[in-house]
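A short write-up of the structure that comes next.
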Amino acid sequence: MNTLHGIGLLPVFLVGLLGSVHCAGMCGGIVAALSVPLPARAFPVPVRTVGAYSWEWPAAASHVAAYNAGRLSSYAMAGALAGGLAGGVGRLAGLPLLQAGAGWAANLMLVALGLYLLDAWRGLAWLERGGRVLWRRISPLLAKIGPFDSPGRLFAAGALWGWLPCGMVYSVLATAMLSGSASGGAAVMLAFGLGTLPMLAAIGMAGVRLRTVLQLHAVRRACGLLVLGFGLLGLWRAAGGMPASVFDILCIGAAQ
């Protein structure tokens with residue numbers, strides 16, 4: 001992936017991809033609710049029947065595509081708000097030191113995320129608790145949207161899901177702030193969301209069995225170590241310990 005205002009989108013995408021093992025546990029219930037098979041009469045063609053319900057891959061794919069599109073739109077909106085706000089503050093302050101401090105903060109958040117995935121330190125859980133204040137106001141809307149029987153309803157449900165309190169999302173929002181603009185922040189969060197998409201789409205299609213595999217300690221630990229590595233590499237770069245090299249594409253840096 002390309003870079004945006006000094007921010008490599010590749011590491012953001014990879015953080016989403018690796019960190020999505022966390023989504024398997026945290027968001028699995030929402031995925032299950034939105035992926036529930038529709039009654040057999042909803043399908044005009046013969047399909048494999050399980051109990052009173054039936055399921056076919058085209059229908060499953062349309063559900064998954066609709067609610068994930070809504071989720072990604074919310075991520076992009078949050079990124080635009082974070083990037084635009086930080087850009088305004090940066091222009092008012094006009095201090096390079098502010099950018100450098102933000103770079104350190106973003107990479108420290110990645111370190112915190114890696115430790116979170118490793119279950120070594122649960123500091124990001126405090127941020128999630130803070131986000132629950134907003135979620136308590138948003139979550140009742142899910143009940144008003146259902147039943148999830150059309151692409152529009154599924155998109156709306158996914159858009160609300162995007163505001164679920166999540167330490168992983170908050171850690172990447174710190175990076176979105178580094179972009180220095182609303183469009184840059186949206187791009188960062190979209191890259192992150194696309195990284196989470198393969199895992200959550202697979203869970204929506206495969207269900208509980210895949211969730212069980214992803215919650216294995218070894219899988220979560222391996223992903224946590226890689227995310228931790230991204231954060232530590234970024235801190236090394238911010239400290240001036242790493243010269244310009246091919247590894248810069250794997251680091252998150254302040255906007256130029």
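Letters for chains follow the order of the structure tokens (A, B, ...), residue numbers begin at 1 for each chain, and ligand numbers begin at 1 in the order shown.
Using only C-alpha atoms, the residues found no farther than 7 Å from stretch 170-172 of chain A, other than those of its own chain fewer than 6 positions away, are Met109, Leu110 and Leu113 of chain A.
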| field | A:Ala222 surroundings by only C-alpha atoms, 9 Å radius, close-in-sequence under 4 positions cut, as a list in words | value |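 Returned residues: Leu18, Leu118, His217, Ala218, Leu226 and Val227 of chain A.
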Write out, as a tab-separated table (two decimals), in the first residue's frame, the residues just selected, with C-alpha atoms.
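The new file out_22.tsv reads:
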```tsv
chain	number	residue	atom	x	y	z
A	18	LEU	CA	-3.35	-9.22	12.67
A	118	LEU	CA	-0.92	-10.98	24.23
A	217	HIS	CA	-3.81	-18.85	22.52
A	218	ALA	CA	-1.00	-19.54	20.03
A	226	LEU	CA	3.76	-8.94	15.37
A	227	VAL	CA	1.67	-5.89	16.30
```
| task | Using DSSP on the backbone coordinates, identify all residues within stretch 111-235 of chain A classified as alpha helix (DSSP H); present the result as a ChimeraX atom specification. | result | /A:111-117,124-138,140-145,151-161,167-178,182-206,208-214,217-235
| request: Figure out the distance between atom CA of A:Gly101 and atom CA of A:Ala176, please, to one decimal in Å. | output: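 It comes out at 14.1 Å.
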